[in-house]
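Have a look at the structure below before the remarks.
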Amino acid sequence: MTELIAPTERLAASLVEAVHEFMDEGRGGHDDESLTGYLIRRFAARAGVDWVHDYLAEERRWVTDPPPGLVPMTMLWWADGDTYLGRISIRHHLNERLRDVGGHIGYDIRPSARRRGHATAMLAAALPRVAALGIDKALITCDFDNVASRKVIQRNGGVYEDQRGKKLRYWVPTTPANTAEGGGRPNAACRS
């Protein structure tokens with residue numbers, strides 16, 4: 001069953017495989033400002049799965065004690081049994097930088113699991129958790145040339161606001177009551 005879960009060492013081997021997939025597509029360089037890039041640079045250079053414990057400890061601290069320049073955030077993983085498929089970060093509020101780049105929510109699906117509806121379902125499943133933080137509409141950004149991410153956001157009720165630099169900015173309702181008439185999010189039930 002595909003579901004959002006709290007990060008767990010139970011999926012360490014699968015997370016390591018996913019990180020290697022991200023690295024194979026060129027992620028993790030100094031210009032990769034994503035959390036996946038940070039994970040690769042700070043932790044994944046170590047061999048095996050030993051780094052996962054340290055990474056998870058740091059990830060748990062991000063809820064109350066985020067790294068410099070970041071805001072408190074909750075990390076959740078999209079998993080199918082013992083297989084790590086992706087992650088979603090829910091930022092509890094916006095700082096000036098996140099208003100332009102990043103927004104309330106960031107996500108990544110491992111390359112081998114893309115184009116199967118996982119990102120759309122993962123975002124839909126996460127939106128009630130965003131609402132629980134008191135956020136009625138979540139800002140989500142994506143690169144202007146990332147058509148797949150743009151579709152994920154739109155399928156979850158995202159309304160385009162503007163483009164800032166290379167980033168498109170969308171506002172996504174976090175509860176069904178806030179969705180546009182006739183629109184709305186797909187059911188957050190499992191999809192694989």
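Labeling convention for the structure tokens: chains A, B, ... as they appear, residues from 1 per chain, ligands from 1 in order of appearance.
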Report task. Please provide the set of residues having any atom within 8 Å of range 30-45 of chain A, restricted to only C-alpha atoms, with same-chain residues fewer than 4 positions apart removed, written as a PyMOL selection string. Result -> chain A and resi 16+19+23+51-52+54-55+108
Report task. Within 8 Å of Gly106 in chain A, counting only C-alpha atoms, which residues show up once you throw out same-chain ones fewer than 5 positions away? Write them as a PyMOL selection string, please. Result -> chain A and resi 88-90+140
Report task. Mind giving me the straight-line distance from CA of Asn95 in chain A to CA of Ala138 in chain A in Å, one decimal? Result ->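 We find that CA of Asn95 in chain A and CA of Ala138 in chain A lie 13.4 Å from each other.
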DSSP helix (DSSP H, G or I) residues within range 15-103 of chain A, listed as a JSON list (two decimals) with N, CA, C and O atoms, in the first residue's frame:
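Output below, filename selection37.json:
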[["chain", "number", "residue", "atom", "x", "y", "z"],
["A", 15, "LEU", "N", 16.21, 3.94, 0.55],
["A", 15, "LEU", "CA", 16.58, 5.35, 0.46],
["A", 15, "LEU", "C", 17.95, 5.49, -0.21],
["A", 15, "LEU", "O", 18.14, 6.34, -1.08],
["A", 16, "VAL", "N", 18.90, 4.67, 0.20],
["A", 16, "VAL", "CA", 20.24, 4.72, -0.40],
["A", 16, "VAL", "C", 20.16, 4.45, -1.90],
["A", 16, "VAL", "O", 20.79, 5.15, -2.70],
["A", 17, "GLU", "N", 19.37, 3.47, -2.31],
["A", 17, "GLU", "CA", 19.18, 3.20, -3.75],
["A", 17, "GLU", "C", 18.61, 4.42, -4.46],
["A", 17, "GLU", "O", 19.06, 4.78, -5.55],
["A", 18, "ALA", "N", 17.62, 5.06, -3.85],
["A", 18, "ALA", "CA", 16.99, 6.24, -4.45],
["A", 18, "ALA", "C", 18.00, 7.38, -4.57],
["A", 18, "ALA", "O", 18.05, 8.07, -5.60],
["A", 19, "VAL", "N", 18.80, 7.58, -3.54],
["A", 19, "VAL", "CA", 19.81, 8.65, -3.57],
["A", 19, "VAL", "C", 20.80, 8.40, -4.71],
["A", 19, "VAL", "O", 21.19, 9.33, -5.41],
["A", 20, "HIS", "N", 21.18, 7.16, -4.92],
["A", 20, "HIS", "CA", 22.08, 6.85, -6.03],
["A", 20, "HIS", "C", 21.41, 7.14, -7.38],
["A", 20, "HIS", "O", 22.07, 7.60, -8.32],
["A", 21, "GLU", "N", 20.10, 6.92, -7.47],
["A", 21, "GLU", "CA", 19.38, 7.28, -8.69],
["A", 21, "GLU", "C", 19.44, 8.79, -8.92],
["A", 21, "GLU", "O", 19.66, 9.26, -10.05],
["A", 22, "PHE", "N", 19.22, 9.56, -7.84],
["A", 22, "PHE", "CA", 19.30, 11.02, -7.95],
["A", 22, "PHE", "C", 20.70, 11.45, -8.36],
["A", 22, "PHE", "O", 20.87, 12.33, -9.21],
["A", 23, "MET", "N", 21.72, 10.84, -7.78],
["A", 23, "MET", "CA", 23.10, 11.18, -8.11],
["A", 23, "MET", "C", 23.40, 10.84, -9.57],
["A", 23, "MET", "O", 24.08, 11.61, -10.26],
["A", 24, "ASP", "N", 22.86, 9.71, -10.06],
["A", 24, "ASP", "CA", 23.09, 9.31, -11.45],
["A", 24, "ASP", "C", 22.49, 10.31, -12.44],
["A", 24, "ASP", "O", 22.97, 10.42, -13.56],
["A", 35, "LEU", "N", 16.45, 20.02, -1.06],
["A", 35, "LEU", "CA", 16.79, 19.19, 0.10],
["A", 35, "LEU", "C", 17.46, 17.90, -0.33],
["A", 35, "LEU", "O", 18.31, 17.37, 0.38],
["A", 36, "THR", "N", 17.10, 17.40, -1.49],
["A", 36, "THR", "CA", 17.77, 16.20, -2.00],
["A", 36, "THR", "C", 19.24, 16.50, -2.26],
["A", 36, "THR", "O", 20.11, 15.70, -1.94],
["A", 37, "GLY", "N", 19.52, 17.67, -2.82],
["A", 37, "GLY", "CA", 20.90, 18.07, -3.04],
["A", 37, "GLY", "C", 21.66, 18.18, -1.74],
["A", 37, "GLY", "O", 22.82, 17.74, -1.62],
["A", 38, "TYR", "N", 21.03, 18.76, -0.73],
["A", 38, "TYR", "CA", 21.63, 18.89, 0.60],
["A", 38, "TYR", "C", 21.93, 17.51, 1.18],
["A", 38, "TYR", "O", 23.03, 17.27, 1.70],
["A", 39, "LEU", "N", 20.97, 16.60, 1.10],
["A", 39, "LEU", "CA", 21.15, 15.25, 1.62],
["A", 39, "LEU", "C", 22.36, 14.58, 0.95],
["A", 39, "LEU", "O", 23.20, 13.98, 1.63],
["A", 40, "ILE", "N", 22.46, 14.71, -0.34],
["A", 40, "ILE", "CA", 23.57, 14.08, -1.07],
["A", 40, "ILE", "C", 24.90, 14.67, -0.63],
["A", 40, "ILE", "O", 25.84, 13.93, -0.31],
["A", 41, "ARG", "N", 25.00, 15.99, -0.60],
["A", 41, "ARG", "CA", 26.28, 16.63, -0.25],
["A", 41, "ARG", "C", 26.68, 16.35, 1.19],
["A", 41, "ARG", "O", 27.84, 16.12, 1.49],
["A", 42, "ARG", "N", 25.73, 16.41, 2.11],
["A", 42, "ARG", "CA", 26.05, 16.32, 3.55],
["A", 42, "ARG", "C", 26.19, 14.88, 4.04],
["A", 42, "ARG", "O", 26.96, 14.63, 4.95],
["A", 43, "PHE", "N", 25.45, 13.94, 3.47],
["A", 43, "PHE", "CA", 25.41, 12.60, 4.05],
["A", 43, "PHE", "C", 25.78, 11.47, 3.09],
["A", 43, "PHE", "O", 26.48, 10.54, 3.47],
["A", 44, "ALA", "N", 25.29, 11.51, 1.88],
["A", 44, "ALA", "CA", 25.33, 10.34, 1.01],
["A", 44, "ALA", "C", 26.72, 10.00, 0.46],
["A", 44, "ALA", "O", 26.87, 8.98, -0.19],
["A", 50, "ASP", "N", 25.07, 3.47, 6.64],
["A", 50, "ASP", "CA", 25.38, 4.02, 7.96],
["A", 50, "ASP", "C", 24.98, 5.49, 8.10],
["A", 50, "ASP", "O", 24.63, 5.94, 9.18],
["A", 51, "TRP", "N", 25.03, 6.25, 7.03],
["A", 51, "TRP", "CA", 24.71, 7.67, 7.08],
["A", 51, "TRP", "C", 23.23, 7.95, 7.31],
["A", 51, "TRP", "O", 22.85, 9.04, 7.75],
["A", 52, "VAL", "N", 22.37, 6.98, 7.03],
["A", 52, "VAL", "CA", 20.92, 7.21, 7.13],
["A", 52, "VAL", "C", 20.51, 7.56, 8.56],
["A", 52, "VAL", "O", 19.69, 8.46, 8.77],
["A", 53, "HIS", "N", 21.10, 6.92, 9.56],
["A", 53, "HIS", "CA", 20.77, 7.21, 10.96],
["A", 53, "HIS", "C", 21.05, 8.69, 11.27],
["A", 53, "HIS", "O", 20.20, 9.38, 11.85],
["A", 54, "ASP", "N", 22.22, 9.18, 10.87],
["A", 54, "ASP", "CA", 22.58, 10.58, 11.13],
["A", 54, "ASP", "C", 21.66, 11.53, 10.36],
["A", 54, "ASP", "O", 21.24, 12.57, 10.88],
["A", 55, "TYR", "N", 21.36, 11.17, 9.13],
["A", 55, "TYR", "CA", 20.47, 12.00, 8.33],
["A", 55, "TYR", "C", 19.08, 12.10, 8.98],
["A", 55, "TYR", "O", 18.51, 13.19, 9.11],
["A", 56, "LEU", "N", 18.55, 10.98, 9.41],
["A", 56, "LEU", "CA", 17.21, 10.98, 10.02],
["A", 56, "LEU", "C", 17.19, 11.79, 11.31],
["A", 56, "LEU", "O", 16.21, 12.49, 11.60],
["A", 57, "ALA", "N", 18.26, 11.71, 12.09],
["A", 57, "ALA", "CA", 18.34, 12.50, 13.33],
["A", 57, "ALA", "C", 18.29, 13.99, 13.00],
["A", 57, "ALA", "O", 17.59, 14.77, 13.66],
["A", 58, "GLU", "N", 19.02, 14.40, 11.96],
["A", 58, "GLU", "CA", 19.00, 15.81, 11.56],
["A", 58, "GLU", "C", 17.63, 16.19, 11.02],
["A", 58, "GLU", "O", 17.09, 17.25, 11.34],
["A", 59, "GLU", "N", 17.04, 15.33, 10.22],
["A", 59, "GLU", "CA", 15.73, 15.60, 9.65],
["A", 59, "GLU", "C", 14.68, 15.81, 10.75],
["A", 59, "GLU", "O", 13.83, 16.69, 10.65],
["A", 60, "ARG", "N", 14.75, 15.03, 11.81],
["A", 60, "ARG", "CA", 13.80, 15.18, 12.93],
["A", 60, "ARG", "C", 13.97, 16.54, 13.61],
["A", 60, "ARG", "O", 13.01, 17.13, 14.10],
["A", 61, "ARG", "N", 15.20, 17.03, 13.67],
["A", 61, "ARG", "CA", 15.46, 18.33, 14.31],
["A", 61, "ARG", "C", 14.87, 19.48, 13.50],
["A", 61, "ARG", "O", 14.63, 20.56, 14.03],
["A", 96, "GLU", "N", 11.26, 35.24, 3.51],
["A", 96, "GLU", "CA", 11.29, 36.04, 2.29],
["A", 96, "GLU", "C", 11.73, 35.21, 1.08],
["A", 96, "GLU", "O", 11.13, 35.29, 0.01],
["A", 97, "ARG", "N", 12.74, 34.39, 1.25],
["A", 97, "ARG", "CA", 13.24, 33.57, 0.14],
["A", 97, "ARG", "C", 12.19, 32.56, -0.33],
["A", 97, "ARG", "O", 11.98, 32.36, -1.52],
["A", 98, "LEU", "N", 11.52, 31.90, 0.64],
["A", 98, "LEU", "CA", 10.52, 30.89, 0.28],
["A", 98, "LEU", "C", 9.31, 31.49, -0.43],
["A", 98, "LEU", "O", 8.62, 30.79, -1.16],
["A", 99, "ARG", "N", 9.05, 32.77, -0.20],
["A", 99, "ARG", "CA", 7.95, 33.42, -0.93],
["A", 99, "ARG", "C", 8.23, 33.49, -2.43],
["A", 99, "ARG", "O", 7.32, 33.51, -3.24],
["A", 100, "ASP", "N", 9.51, 33.54, -2.78],
["A", 100, "ASP", "CA", 9.90, 33.57, -4.20],
["A", 100, "ASP", "C", 10.23, 32.19, -4.73],
["A", 100, "ASP", "O", 9.84, 31.83, -5.84]]
Report task. Tell me which protein, DNA and RNA residues are within 10 Å of Ala126 in chain A, counting only C-alpha atoms, leaving out same-chain ones fewer than 4 positions away, and put them as a list in words. Result ->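 Once the nearby chain positions are removed, what remains is Glu3, Leu4, Leu76, Trp78, Ile88, Ser89, Ile90, Ile105, Ala121, Met122, Val130, Ala131, Thr174 and Ala188 of chain A.
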Requested in this report: Tell me which protein, DNA and RNA residues are within 12 Å of Thr141 in chain A, counting only C-alpha atoms, leaving out same-chain ones fewer than 2 positions away, and put them as a PyMOL selection string.
Outcome: chain A and resi 97-107+138-139+143-147+149-154+158-172
Export of prior selection with N, CA, C and O atoms as a compact mmCIF listing (two decimals), in the first residue's frame:
# COMPACT_ATOMS: atom_id res chain seq x y z
N ARG A 97 12.74 34.39 1.25
CA ARG A 97 13.24 33.57 0.14
C ARG A 97 12.19 32.56 -0.33
O ARG A 97 11.98 32.36 -1.52
N LEU A 98 11.52 31.90 0.64
CA LEU A 98 10.52 30.89 0.28
C LEU A 98 9.31 31.49 -0.43
O LEU A 98 8.62 30.79 -1.16
N ARG A 99 9.05 32.77 -0.20
CA ARG A 99 7.95 33.42 -0.93
C ARG A 99 8.23 33.49 -2.43
O ARG A 99 7.32 33.51 -3.24
N ASP A 100 9.51 33.54 -2.78
CA ASP A 100 9.90 33.57 -4.20
C ASP A 100 10.23 32.19 -4.73
O ASP A 100 9.84 31.83 -5.84
N VAL A 101 10.99 31.43 -3.98
CA VAL A 101 11.51 30.13 -4.42
C VAL A 101 11.28 29.11 -3.31
O VAL A 101 11.79 29.29 -2.22
N GLY A 102 10.51 28.11 -3.57
CA GLY A 102 10.35 27.04 -2.58
C GLY A 102 8.94 26.88 -2.06
O GLY A 102 8.38 25.81 -2.11
N GLY A 103 8.37 27.94 -1.52
CA GLY A 103 7.02 27.87 -1.01
C GLY A 103 6.88 27.03 0.25
O GLY A 103 7.84 26.74 0.94
N HIS A 104 5.64 26.62 0.53
CA HIS A 104 5.34 25.81 1.71
C HIS A 104 5.71 24.34 1.53
O HIS A 104 5.89 23.62 2.52
N ILE A 105 5.75 23.88 0.28
CA ILE A 105 5.90 22.44 0.03
C ILE A 105 6.95 22.21 -1.04
O ILE A 105 6.98 22.88 -2.07
N GLY A 106 7.81 21.23 -0.77
CA GLY A 106 8.77 20.76 -1.77
C GLY A 106 8.68 19.25 -1.83
O GLY A 106 8.35 18.61 -0.83
N TYR A 107 8.94 18.68 -2.97
CA TYR A 107 8.84 17.22 -3.09
C TYR A 107 9.78 16.70 -4.15
O TYR A 107 10.21 17.44 -5.04
N ALA A 138 -1.48 26.76 0.25
CA ALA A 138 -0.04 26.54 0.27
C ALA A 138 0.59 27.07 -1.01
O ALA A 138 0.09 26.81 -2.11
N LEU A 139 1.69 27.78 -0.86
CA LEU A 139 2.46 28.23 -2.00
C LEU A 139 3.39 27.09 -2.43
O LEU A 139 4.11 26.53 -1.60
N ASP A 143 10.12 24.94 -11.37
CA ASP A 143 10.85 25.53 -12.49
C ASP A 143 9.90 25.70 -13.67
O ASP A 143 9.04 24.85 -13.92
N PHE A 144 10.05 26.78 -14.41
CA PHE A 144 9.15 27.08 -15.52
C PHE A 144 9.15 25.97 -16.57
O PHE A 144 8.16 25.75 -17.24
N ASP A 145 10.26 25.24 -16.68
CA ASP A 145 10.33 24.18 -17.69
C ASP A 145 10.02 22.78 -17.14
O ASP A 145 10.14 21.80 -17.86
N ASN A 146 9.57 22.70 -15.90
CA ASN A 146 9.23 21.42 -15.29
C ASN A 146 7.74 21.15 -15.49
O ASN A 146 6.92 21.38 -14.60
N VAL A 147 7.40 20.66 -16.65
CA VAL A 147 6.00 20.43 -17.02
C VAL A 147 5.36 19.40 -16.09
O VAL A 147 4.21 19.56 -15.68
N SER A 149 5.97 18.69 -12.90
CA SER A 149 5.65 19.28 -11.60
C SER A 149 4.50 20.27 -11.72
O SER A 149 3.62 20.33 -10.84
N ARG A 150 4.49 21.01 -12.79
CA ARG A 150 3.38 21.95 -13.01
C ARG A 150 2.05 21.20 -13.05
O ARG A 150 1.05 21.62 -12.45
N LYS A 151 2.02 20.05 -13.72
CA LYS A 151 0.79 19.25 -13.81
C LYS A 151 0.40 18.69 -12.44
O LYS A 151 -0.78 18.62 -12.11
N VAL A 152 1.38 18.28 -11.65
CA VAL A 152 1.10 17.78 -10.30
C VAL A 152 0.41 18.85 -9.48
O VAL A 152 -0.60 18.61 -8.82
N ILE A 153 0.94 20.06 -9.54
CA ILE A 153 0.38 21.18 -8.77
C ILE A 153 -1.04 21.49 -9.26
O ILE A 153 -1.97 21.65 -8.46
N GLN A 154 -1.22 21.56 -10.57
CA GLN A 154 -2.54 21.88 -11.13
C GLN A 154 -3.56 20.80 -10.81
O GLN A 154 -4.73 21.10 -10.53
N GLY A 158 -3.96 23.69 -7.84
CA GLY A 158 -3.08 24.85 -7.86
C GLY A 158 -3.53 25.92 -8.84
O GLY A 158 -3.92 25.63 -9.96
N VAL A 159 -3.50 27.15 -8.37
CA VAL A 159 -3.86 28.31 -9.17
C VAL A 159 -2.60 29.15 -9.39
O VAL A 159 -1.96 29.59 -8.43
N TYR A 160 -2.27 29.33 -10.66
CA TYR A 160 -1.08 30.09 -11.03
C TYR A 160 -1.19 31.53 -10.57
O TYR A 160 -2.22 32.17 -10.75
N GLU A 161 -0.11 32.03 -9.94
CA GLU A 161 -0.09 33.45 -9.57
C GLU A 161 0.86 34.24 -10.47
O GLU A 161 0.45 35.22 -11.09
N ASP A 162 2.13 33.82 -10.53
CA ASP A 162 3.08 34.56 -11.35
C ASP A 162 4.37 33.77 -11.52
O ASP A 162 4.51 32.66 -11.01
N GLN A 163 5.28 34.38 -12.27
CA GLN A 163 6.62 33.80 -12.47
C GLN A 163 7.63 34.76 -11.90
O GLN A 163 7.57 35.97 -12.17
N ARG A 164 8.56 34.22 -11.11
CA ARG A 164 9.64 35.02 -10.55
C ARG A 164 10.95 34.35 -10.94
O ARG A 164 11.26 33.27 -10.44
N GLY A 165 11.65 34.99 -11.82
CA GLY A 165 12.86 34.36 -12.35
C GLY A 165 12.47 33.12 -13.13
O GLY A 165 11.60 33.16 -13.99
N LYS A 166 13.08 32.00 -12.79
CA LYS A 166 12.78 30.73 -13.47
C LYS A 166 11.69 29.94 -12.76
O LYS A 166 11.38 28.82 -13.15
N LYS A 167 11.11 30.50 -11.69
CA LYS A 167 10.12 29.78 -10.90
C LYS A 167 8.70 30.26 -11.17
O LYS A 167 8.42 31.47 -11.20
N LEU A 168 7.80 29.28 -11.36
CA LEU A 168 6.37 29.56 -11.43
C LEU A 168 5.82 29.40 -10.01
O LEU A 168 6.22 28.49 -9.28
N ARG A 169 4.88 30.25 -9.64
CA ARG A 169 4.30 30.22 -8.29
C ARG A 169 2.82 29.90 -8.38
O ARG A 169 2.09 30.51 -9.15
N TYR A 170 2.40 28.92 -7.58
CA TYR A 170 1.01 28.47 -7.52
C TYR A 170 0.53 28.46 -6.07
O TYR A 170 1.30 28.15 -5.16
N TRP A 171 -0.74 28.75 -5.88
CA TRP A 171 -1.40 28.61 -4.58
C TRP A 171 -2.34 27.41 -4.66
O TRP A 171 -3.17 27.32 -5.55
N VAL A 172 -2.17 26.51 -3.71
CA VAL A 172 -2.94 25.26 -3.68
C VAL A 172 -3.79 25.23 -2.42
O VAL A 172 -3.26 25.36 -1.31
Query raised in the report: So, counting only C-alpha atoms, which residue among A:Ile109, A:Gly28, A:Ser14, A:Pro7 is closest to Gly86 in chain A?
Result: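 Counting only C-alpha atoms, the residue closest to Gly86 in chain A is A:Ile109.
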Query - Residue nearest Pro128 in chain A among A:Ala79, A:Ile5, A:Pro176, A:Gly26 (counting only C-alpha atoms) - result: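 Closest to Pro128 in chain A, using only C-alpha atoms: A:Pro176.
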Query raised in the report: From the set A:Arg155, A:His92, A:Ala47, A:Ile135, which residue has the shortest atom-to-atom contact distance to Pro66 in chain A, counting only C-alpha atoms?
Result: A:His92
